[in-house]
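Colleague: Right, I'll just put the structure down here and ask away after.
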Amino acid sequence: MEKELKVAALRNGTVIDHIPADKLYKVVSILHLDNCEQQITIGNNLDSAKVGKKGIIKISERAFAEDETNKIALIAPFAKINIIRDYQVVEKRPLTLPEEIKEIVQCANPNCITNNQPVTTRFHVMNNEGEIMLKCHYCEREVKRDEVKIR
């Protein structure tokens with residue numbers, strides 16, 4: 001069986017692969033790719049043996065810091081980050097949740113200062129018996145990872 005490329009090869013840059021299709025645009029938002037100057041290819045609803053339907057993002061001539069890509073782990077923990085140089089994968093970066101997440105999550109507590117004042121949100125990542133929870137730095141409200149509201 002011949003393999004068909006659905007998205008053109010990338011000479012230098014970053015590929016974010018195996019993003020669940022329903023999470024693709026949240027990843028775009030988290031990484032602020034709507035303001036990116038580099039060439040970007042976004043594919044969605046591509047067939048994937050691992051996740052059914054997947055999304056993929058290819059960003060030319062751009063490398064992300066590890067703390068940037070680790071934010072993806074919050075909403076797409078099984079996504080893959082590949083760093084490309086001269087059409088070759090030179091690094092496969094695993095995703096890990098950072099200890100603290102700033103800016104991208106909205107607190108579920110309507111009385112939290114972050115929902116009423118111009119204060120940057122800060123959440124501490126906690127592992128509660130295998131379940132990932134986020135705890136607001138200010139009001140201490142806890143929320144499960146899959147219930148998080150992305151700003």
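Just remember, in the structure tokens the first chain shown is A, the second B, etc., residues are 1-based per chain, and ligands are 1-based in the order shown.
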Skipping near chain neighbours, those fewer than 4 positions away, what residues fall within 8 Å of stretch 52-69 of chain A using only C-alpha atoms, listed as a PyMOL selection string?
Modeller: chain A and resi 10-21+23-24+31+38-48+73+81+83+95+98
Colleague: Each residue of stretch 27-96 of chain A with at least one atom at most 12 Å from stretch 131-144 of chain A should appear once, together with its nearest atom pair and the corresponding distance in Å (one decimal); atoms considered: only C-alpha atoms; ordering: chain, then increasing residue number; output as CSV.
Modeller:
```
residue,atom,partner,partner_atom,distance
A:Ala73,CA,A:Ile132,CA,11.0
A:Leu74,CA,A:Ile132,CA,9.2
A:Ile75,CA,A:Ile132,CA,11.4
A:Pro77,CA,A:Ile132,CA,11.1
A:Thr96,CA,A:Ile132,CA,11.8
```
Colleague: Let me see the file: selected residues, N, CA and C atoms, as a short mmCIF file (atom, residue, chain, number, x, y, z; two decimals), in the first residue's frame.
Modeller:
```cif
data_model
loop_
_atom_site.label_atom_id
_atom_site.label_comp_id
_atom_site.auth_asym_id
_atom_site.auth_seq_id
_atom_site.Cartn_x
_atom_site.Cartn_y
_atom_site.Cartn_z
N ALA A 73 -0.08 19.98 26.64
CA ALA A 73 -0.38 18.78 27.42
C ALA A 73 -1.66 18.92 28.24
N LEU A 74 -2.05 20.14 28.52
CA LEU A 74 -3.27 20.38 29.28
C LEU A 74 -4.51 19.92 28.51
N ILE A 75 -4.53 20.15 27.21
CA ILE A 75 -5.73 19.81 26.43
C ILE A 75 -5.52 18.68 25.43
N PRO A 77 -2.89 15.81 25.74
CA PRO A 77 -1.74 15.19 26.39
C PRO A 77 -0.98 14.17 25.54
N THR A 96 4.94 17.30 28.82
CA THR A 96 4.73 17.13 30.26
C THR A 96 4.02 18.37 30.77
#
```
Colleague: If you run DSSP on the backbone here, which positions in stretch 22-135 of chain A get strand (DSSP E or B)? Please write them as number ranges by chain.
Modeller: A: 40-48, 52-60, 80-85, 88-93, 100-102, 105-106, 122-128, 131-135
Colleague: Run DSSP on the backbone and grab whatever in stretch 11-133 of chain A lands in helix (DSSP H, G or I); send it over as a count of residues only.
Modeller: 25
